[in-house]
Protein chains: 2
Amino acid sequence: MSISEAIPFLQTLRVSSSYFNISTVIAISVFFALLCACIIVGHLLEENRWFNESITSLLLGLASGGVVLLVTKGSSSHILVFSEELFFIYLLPPIIFNAGFQVKKKQFFHNFSIILMFGVLGTIISFCLVSAGTYLLFSKIGVTSLNVQDYLALGAIFSATDSVCTLQVLSQDETPFLYSVVFGEGVVNDATSIVLFNAVQSLDLSDVDAFTALRLLGTFLYLFFTSTILGIAVGLLSAYIIKTLYLGRHSTDREIAIMLIMAYLSYMLAELLSLSGILTVFLCGIVMSHYTWHNVTESSRITTKHAFATISFIAETFIFLYVGMDALDMDKWKSSKASVGTSLAVSASMLFLVLLGRAAFVYPLANLANCFKKRDREKTEFKQQFILWWAGLMRGAVTIALCYNQFASSESTSSLDCLLITCTIIVVLFSTVVFGSITKPLIEALLLRHAKPAVSDATDFASLEDLRILFLEEGDRPEQDPSQPAPRRSSLRLLMRYPTSTVHYFWRKFDDKFMRPVFGGRGFVPYVPGSPTGAQDVDENS
Amino acid sequence: MSISEAIPFLQTLRVSSSYFNISTVIAISVFFALLCACIIVGHLLEENRWFNESITSLLLGLASGGVVLLVTKGSSSHILVFSEELFFIYLLPPIIFNAGFQVKKKQFFHNFSIILMFGVLGTIISFCLVSAGTYLLFSKIGVTSLNVQDYLALGAIFSATDSVCTLQVLSQDETPFLYSVVFGEGVVNDATSIVLFNAVQSLDLSDVDAFTALRLLGTFLYLFFTSTILGIAVGLLSAYIIKTLYLGRHSTDREIAIMLIMAYLSYMLAELLSLSGILTVFLCGIVMSHYTWHNVTESSRITTKHAFATISFIAETFIFLYVGMDALDMDKWKSSKASVGTSLAVSASMLFLVLLGRAAFVYPLANLANCFKKRDREKTEFKQQFILWWAGLMRGAVTIALCYNQFASSESTSSLDCLLITCTIIVVLFSTVVFGSITKPLIEALLLRHAKPAVSDATDFASLEDLRILFLEEGDRPEQDPSQPAPRRSSLRLLMRYPTSTVHYFWRKFDDKFMRPVFGGRGFVPYVPGSPTGAQDVDENS
């Protein structure tokens, strides 16, 4: 039988895989092949100043979206449509959990006040400004048929910075203070934006009264505290289970599985209770890295650390690829029916408001924070303020997901809704590619060449110094005069003088005395060597 | 404000999460909570002789399915319906990949001929016997309206053993020969059953002629070889990429991500090309553990080893939980319309055919294999044959998934289809719980108490001895007489006498000379210490 005869014969032999849709298989195959390509290209461009993984993925997504469009002759790009469910159920939780799990806790809590100020107060300022700005600017462009809720939603949508892209351009070692603030702010800001967005969507705006703003604030605070408590509770529960039952005794798989599943469960439980899953899973990550992680065997520690980072990395790459491919969804572009001029005007005004909204809180709040700092080297310089402003300008997947939720979920998507969606995509693409590629060279030019590394690291040094003072003052006196009330007064005085360090000191005392004996943690569980490499198990059978 | 006043106030504050269906969130939350429960209960019952993880998950799934039925008052159990797509796209690939990745390759290839005989020939014998058996027995019970394709499909469905449950009762250290054969057979058998099932479904049975059986065989061989080649190709590609680009230089995440994604891609590509994904991903796992795994950094090695095992473990637990919950899908039970007697008769005859079908190939084939072995200690004893027969009696998720595919995918599910589905569920539950719980005590009673461990380990010892002989004969002569053709004759003679060891020896030579220099592997990549614990990174910031 010749080859030409064999091919049709083989084709009759081919068995159709009937378990799943062929389009699902194609979509998954294409996507995973592209993910591989992204990782490899990202690796090759690692040394490049202008590119980073986000931009690479976005551009690769755009390119492949274009190819799909050409292949299907512009008719269908339906497999590429952005799905909020996929994003919020599968992609976002691992990224945020990993952010909490890998965060340098000392840095994060040292800058906690400024992070909270930026993330909560700043986002609210930006939300108000963007809402008001869109109301004013859109009427000038000629886009007028939006209602109050839409304007408020736009405010929330464009207040969500993209922490993923930002983290790829800032280095934790070179600029620890900036990294810590931008990172922490990014997570808190995402949570704030989503909570604000939820609050806006749930508000009944038909009876706006004096209490509306108060109700919004009440909702916000309620969500903030309950989500935090839930995250901490689930994290502590996982630590307690693993410590008490000593799961690693029989199988390391169980430890890792419990950590994975409980982390995800915290997110889902929060969503089930209508809380903020993003905040819950972030707190759960912090608690797990502080307690649970120390209770597992050595090999589980290595595995969880790298596996969580990898899952998060894949999810991030996936998102940017997804956003890139989704940008070329022709149906949206066609049905927006707007002229190029209107589209550009709307996009430009959105971009302007993003720039303005961030500037409106970064500079005032940073200078406000400077007023409370006594030492000059602790203060945030103008250059650093500029970076803080610039690094949070990128808009990403959260923005797109919220935008779809507001404007595409209703049964009848009007041409105005399509216009807003396409303009949001333009803003996201522009800010990620243009702002994103400038950021790394900008930081190099502004900070690293003109200033010594010690300057950007100043706050951390101060903290260590403060702590040493504290230990000297605290540790010596009680032994000298145990009956005197002097230590108490001293503590209070210290709290006023060095609030962060004092809180940290008392937290450590509380942690060592009450928390760690129950929930485990560094030094409170016996060292289990496990199989640190596991190499011999496989090697001897190769 | 009192508490009773506060609650409604808080309720007005609660924000509905509008990104996803509330039923999705509930289903995921319940499922993950149950997964946690399964892991913990499985841990607590680890020492128990009668229980294992599969049985625990199955029973817990049944119990929670019952609770859901009670809560919803028997009306809806729709979130619990078994989805083939979920099973074949997300749950099966990681399990099979991990099986290939963790397989003890020396043992596996040493017993390769018997594994292949059992897995391919045995499955075909069982398939023929069950098909014919159902045809004969069902007509006696009064179930007559099935067509030829249905009978053939039933044969394929009930020839798929459940390797997952089996592996939990056999120990790799105590009974390495049995473990290796049962494990290997399980994977090959799954692949064979699925390929047979696909072949049956794709055959046009309206024109049955003399070539039908030949076509079936042709399809089978085509699928078998192309799938194998694809799996090896993807595995080698991943090794080559990681070795050449040295991904670990910048980030260990990339290495792990590439391994994960390419493994999954191999499965999806096979499905895309209408091949057998299960066989492809198994081979890809073997190749990856032989080459790729040695090319990554130390911490990536530990991570991949444990992470793949954990993902597989979660998927297994998930499947049994799923099957357990699905068993109480009341709609199916109601619409089967059969009397209890008929259901029991059908289930009993299926179970009988499963027992018979396996007995019909294990004993003859094992004795056939014994005839080719010269040494007594290499031969499979009757006790071992009994265990081989017994350990493959469990039917699991593959059976259920194939059954749904055949009888539930059509638009109009008749009462007969429902009867067959419910009876399949009964067979799966009964075989897993009853046969599964007896297996561990049975093995203990038969093998470990009456025989020395060395007996069950006999084949491995023989292999090492053979290899030593080989090396002595091969290694010495060429140096003495390089011009003589003696080594060649000697090799041929050796191949006849010790086929497995000789093949292994030549494979090692080929591997060291051609494969490892290109694709890496043990000893062929420079040792990169990486951060073997990674502990200090997190510790110093706690």
# chains A, B, ... in the order shown; residues from 1 in each chain; ligands from 1
call {"tool": "residues_around", "arguments": {"residues": "Phe407 in chain B", "least_positions_apart": "5", "cutoff": "8 Å", "atoms": "only C-alpha atoms", "output": "VMD selection string"}}
result
chain B and resid 413 417 to 418 420 to 421
call {"tool": "residues_around", "arguments": {"residues": "range 242-259 of chain A", "least_positions_apart": "5", "cutoff": "10 Å", "atoms": "only C-alpha atoms", "output": "ChimeraX atom specification"}}
result
/A:235-237,264-265,285,288,291-301,303-304,307,518-521,524-525,528,530-531 /B:32,35-37,39-40,42-44,46-47,306-314
call {"tool": "select_by_dssp", "arguments": {"residues": "range 388-419 of chain B", "states": "helix (DSSP H, G or I)", "output": "VMD selection string"}}
result
chain B and resid 388 to 391 397 to 407 415 to 419
call {"tool": "write_last_selection", "arguments": {"atoms": "N, CA and C atoms", "output": "PDB file, in the first residue's frame"}}
result
ATOM      1  N   LEU B 388      -3.404 -10.782  41.237  1.00  0.00           N
ATOM      2  CA  LEU B 388      -3.484 -10.053  39.967  1.00  0.00           C
ATOM      3  C   LEU B 388      -4.926 -10.002  39.480  1.00  0.00           C
ATOM      4  N   TRP B 389      -5.638 -11.104  39.656  1.00  0.00           N
ATOM      5  CA  TRP B 389      -7.029 -11.152  39.233  1.00  0.00           C
ATOM      6  C   TRP B 389      -7.871 -10.236  40.118  1.00  0.00           C
ATOM      7  N   TRP B 390      -7.669 -10.379  41.405  1.00  0.00           N
ATOM      8  CA  TRP B 390      -8.521  -9.668  42.360  1.00  0.00           C
ATOM      9  C   TRP B 390      -8.301  -8.160  42.307  1.00  0.00           C
ATOM     10  N   ALA B 391      -7.021  -7.748  42.200  1.00  0.00           N
ATOM     11  CA  ALA B 391      -6.688  -6.323  42.290  1.00  0.00           C
ATOM     12  C   ALA B 391      -7.237  -5.526  41.112  1.00  0.00           C
ATOM     13  N   ALA B 397     -14.044   5.524  37.853  1.00  0.00           N
ATOM     14  CA  ALA B 397     -14.548   6.708  37.166  1.00  0.00           C
ATOM     15  C   ALA B 397     -14.534   6.556  35.656  1.00  0.00           C
ATOM     16  N   VAL B 398     -13.536   5.856  35.120  1.00  0.00           N
ATOM     17  CA  VAL B 398     -13.491   5.690  33.664  1.00  0.00           C
ATOM     18  C   VAL B 398     -14.736   4.941  33.196  1.00  0.00           C
ATOM     19  N   THR B 399     -15.099   3.888  33.935  1.00  0.00           N
ATOM     20  CA  THR B 399     -16.306   3.136  33.608  1.00  0.00           C
ATOM     21  C   THR B 399     -17.527   4.047  33.593  1.00  0.00           C
ATOM     22  N   ILE B 400     -17.654   4.853  34.639  1.00  0.00           N
ATOM     23  CA  ILE B 400     -18.825   5.734  34.712  1.00  0.00           C
ATOM     24  C   ILE B 400     -18.814   6.753  33.585  1.00  0.00           C
ATOM     25  N   ALA B 401     -17.628   7.323  33.323  1.00  0.00           N
ATOM     26  CA  ALA B 401     -17.557   8.352  32.278  1.00  0.00           C
ATOM     27  C   ALA B 401     -17.912   7.769  30.914  1.00  0.00           C
ATOM     28  N   LEU B 402     -17.384   6.592  30.609  1.00  0.00           N
ATOM     29  CA  LEU B 402     -17.692   5.960  29.317  1.00  0.00           C
ATOM     30  C   LEU B 402     -19.175   5.606  29.245  1.00  0.00           C
ATOM     31  N   CYS B 403     -19.719   5.135  30.353  1.00  0.00           N
ATOM     32  CA  CYS B 403     -21.126   4.750  30.390  1.00  0.00           C
ATOM     33  C   CYS B 403     -22.030   5.946  30.113  1.00  0.00           C
ATOM     34  N   TYR B 404     -21.701   7.087  30.761  1.00  0.00           N
ATOM     35  CA  TYR B 404     -22.483   8.300  30.494  1.00  0.00           C
ATOM     36  C   TYR B 404     -22.380   8.673  29.035  1.00  0.00           C
ATOM     37  N   ASN B 405     -21.174   8.554  28.521  1.00  0.00           N
ATOM     38  CA  ASN B 405     -20.958   8.945  27.146  1.00  0.00           C
ATOM     39  C   ASN B 405     -21.805   8.117  26.189  1.00  0.00           C
ATOM     40  N   GLN B 406     -21.921   6.817  26.476  1.00  0.00           N
ATOM     41  CA  GLN B 406     -22.678   5.949  25.587  1.00  0.00           C
ATOM     42  C   GLN B 406     -24.186   6.107  25.783  1.00  0.00           C
ATOM     43  N   PHE B 407     -24.622   6.174  27.029  1.00  0.00           N
ATOM     44  CA  PHE B 407     -26.061   6.054  27.285  1.00  0.00           C
ATOM     45  C   PHE B 407     -26.760   7.341  27.695  1.00  0.00           C
ATOM     46  N   SER B 415     -35.655   4.868  29.161  1.00  0.00           N
ATOM     47  CA  SER B 415     -35.635   4.250  30.487  1.00  0.00           C
ATOM     48  C   SER B 415     -34.602   3.128  30.533  1.00  0.00           C
ATOM     49  N   LEU B 416     -34.349   2.498  29.387  1.00  0.00           N
ATOM     50  CA  LEU B 416     -33.336   1.450  29.342  1.00  0.00           C
ATOM     51  C   LEU B 416     -31.949   2.022  29.592  1.00  0.00           C
ATOM     52  N   ASP B 417     -31.675   3.187  28.956  1.00  0.00           N
ATOM     53  CA  ASP B 417     -30.392   3.849  29.176  1.00  0.00           C
ATOM     54  C   ASP B 417     -30.199   4.156  30.656  1.00  0.00           C
ATOM     55  N   CYS B 418     -31.273   4.661  31.283  1.00  0.00           N
ATOM     56  CA  CYS B 418     -31.185   4.998  32.704  1.00  0.00           C
ATOM     57  C   CYS B 418     -30.923   3.754  33.537  1.00  0.00           C
ATOM     58  N   LEU B 419     -31.564   2.654  33.157  1.00  0.00           N
ATOM     59  CA  LEU B 419     -31.341   1.398  33.876  1.00  0.00           C
ATOM     60  C   LEU B 419     -29.871   1.007  33.804  1.00  0.00           C
TER      61      LEU B 419
END
call {"tool": "atom_distance", "arguments": {"atom1": "CA of Leu154 in chain B", "atom2": "CA of Thr219 in chain B"}}
result
18.9 Å
call {"tool": "closest_residue", "arguments": {"among": "B:Ser339, B:Ser29, B:Ser193, B:Thr123", "to": "chain A", "atoms": "only C-alpha atoms"}}
result
B:Ser29
call {"tool": "atom_distance", "arguments": {"atom1": "CA of Leu272 in chain A", "atom2": "CA of Asn198 in chain A"}}
result
14.2 Å
call {"tool": "residues_around", "arguments": {"residues": "Asn370 in chain B", "least_positions_apart": "4", "cutoff": "8 Å", "atoms": "only C-alpha atoms", "output": "JSON, numbers by chain"}}
result
{"B": [366, 378, 379, 380]}
call {"tool": "closest_residue", "arguments": {"among": "A:Val187, A:Leu283, A:Ile28, A:Cys371", "to": "chain B", "atoms": "only C-alpha atoms"}}
result
A:Ile28
call {"tool": "atom_distance", "arguments": {"atom1": "CA of Leu328 in chain A", "atom2": "CA of Asn147 in chain A"}}
result
27.9 Å
call {"tool": "residues_around", "arguments": {"residues": "Phe320 in chain B", "least_positions_apart": "3", "cutoff": "9 Å", "atoms": "only C-alpha atoms", "output": "VMD selection string"}}
result
chain B and resid 53 to 59 61 315 to 317 323 to 325 396 to 397
call {"tool": "write_last_selection", "arguments": {"atoms": "N, CA and C atoms", "output": "tab-separated table (two decimals), in the first residue's frame"}}
result
chain	number	residue	atom	x	y	z
B	53	GLU	N	-8.39	5.62	50.89
B	53	GLU	CA	-8.86	6.95	50.50
B	53	GLU	C	-10.06	6.89	49.54
B	54	SER	N	-10.02	5.95	48.59
B	54	SER	CA	-11.09	5.87	47.60
B	54	SER	C	-12.42	5.56	48.28
B	55	ILE	N	-12.39	4.56	49.15
B	55	ILE	CA	-13.64	4.16	49.80
B	55	ILE	C	-14.16	5.29	50.68
B	56	THR	N	-13.24	5.93	51.41
B	56	THR	CA	-13.64	7.06	52.26
B	56	THR	C	-14.32	8.13	51.43
B	57	SER	N	-13.69	8.50	50.31
B	57	SER	CA	-14.25	9.57	49.48
B	57	SER	C	-15.60	9.17	48.91
B	58	LEU	N	-15.68	7.91	48.48
B	58	LEU	CA	-16.92	7.43	47.88
B	58	LEU	C	-18.05	7.47	48.91
B	59	LEU	N	-17.77	6.99	50.12
B	59	LEU	CA	-18.80	6.96	51.15
B	59	LEU	C	-19.17	8.38	51.60
B	61	GLY	N	-18.95	11.00	49.77
B	61	GLY	CA	-19.72	11.55	48.67
B	61	GLY	C	-21.16	11.07	48.72
B	315	ALA	N	-7.17	15.20	42.35
B	315	ALA	CA	-8.06	14.78	41.27
B	315	ALA	C	-8.69	13.43	41.58
B	316	GLU	N	-7.90	12.50	42.14
B	316	GLU	CA	-8.44	11.19	42.49
B	316	GLU	C	-9.54	11.31	43.54
B	317	THR	N	-9.23	12.05	44.59
B	317	THR	CA	-10.21	12.23	45.66
B	317	THR	C	-11.49	12.86	45.11
B	323	VAL	N	-18.25	10.67	42.10
B	323	VAL	CA	-19.00	9.46	41.77
B	323	VAL	C	-19.97	9.14	42.91
B	324	GLY	N	-19.49	9.29	44.14
B	324	GLY	CA	-20.35	9.04	45.30
B	324	GLY	C	-21.57	9.93	45.31
B	325	MET	N	-21.35	11.22	45.05
B	325	MET	CA	-22.46	12.17	45.07
B	325	MET	C	-23.42	11.92	43.92
B	396	GLY	N	-14.18	1.97	38.18
B	396	GLY	CA	-14.19	3.32	38.74
B	396	GLY	C	-14.71	4.39	37.81
B	397	ALA	N	-14.04	5.52	37.85
B	397	ALA	CA	-14.55	6.71	37.17
B	397	ALA	C	-14.53	6.56	35.66
call {"tool": "closest_residue", "arguments": {"among": "B:Leu269, B:Val130, B:Leu321, B:Cys423", "to": "Ser336 in chain B", "atoms": "only C-alpha atoms"}}
result
B:Cys423
call {"tool": "closest_residue", "arguments": {"among": "A:Phe386, A:Asp329, A:Phe225, A:Leu275", "to": "Leu62 in chain A", "atoms": "only C-alpha atoms"}}
result
A:Asp329
call {"tool": "residues_around", "arguments": {"residues": "Arg358 in chain A", "least_positions_apart": "5", "cutoff": "9 Å", "atoms": "only C-alpha atoms", "output": "list in words"}}
result
Gly122, Thr123, Ile125, Ser126, Ser159, Leu353, Tyr363, Trp389, Trp390, Gly392 and Leu393 of chain A
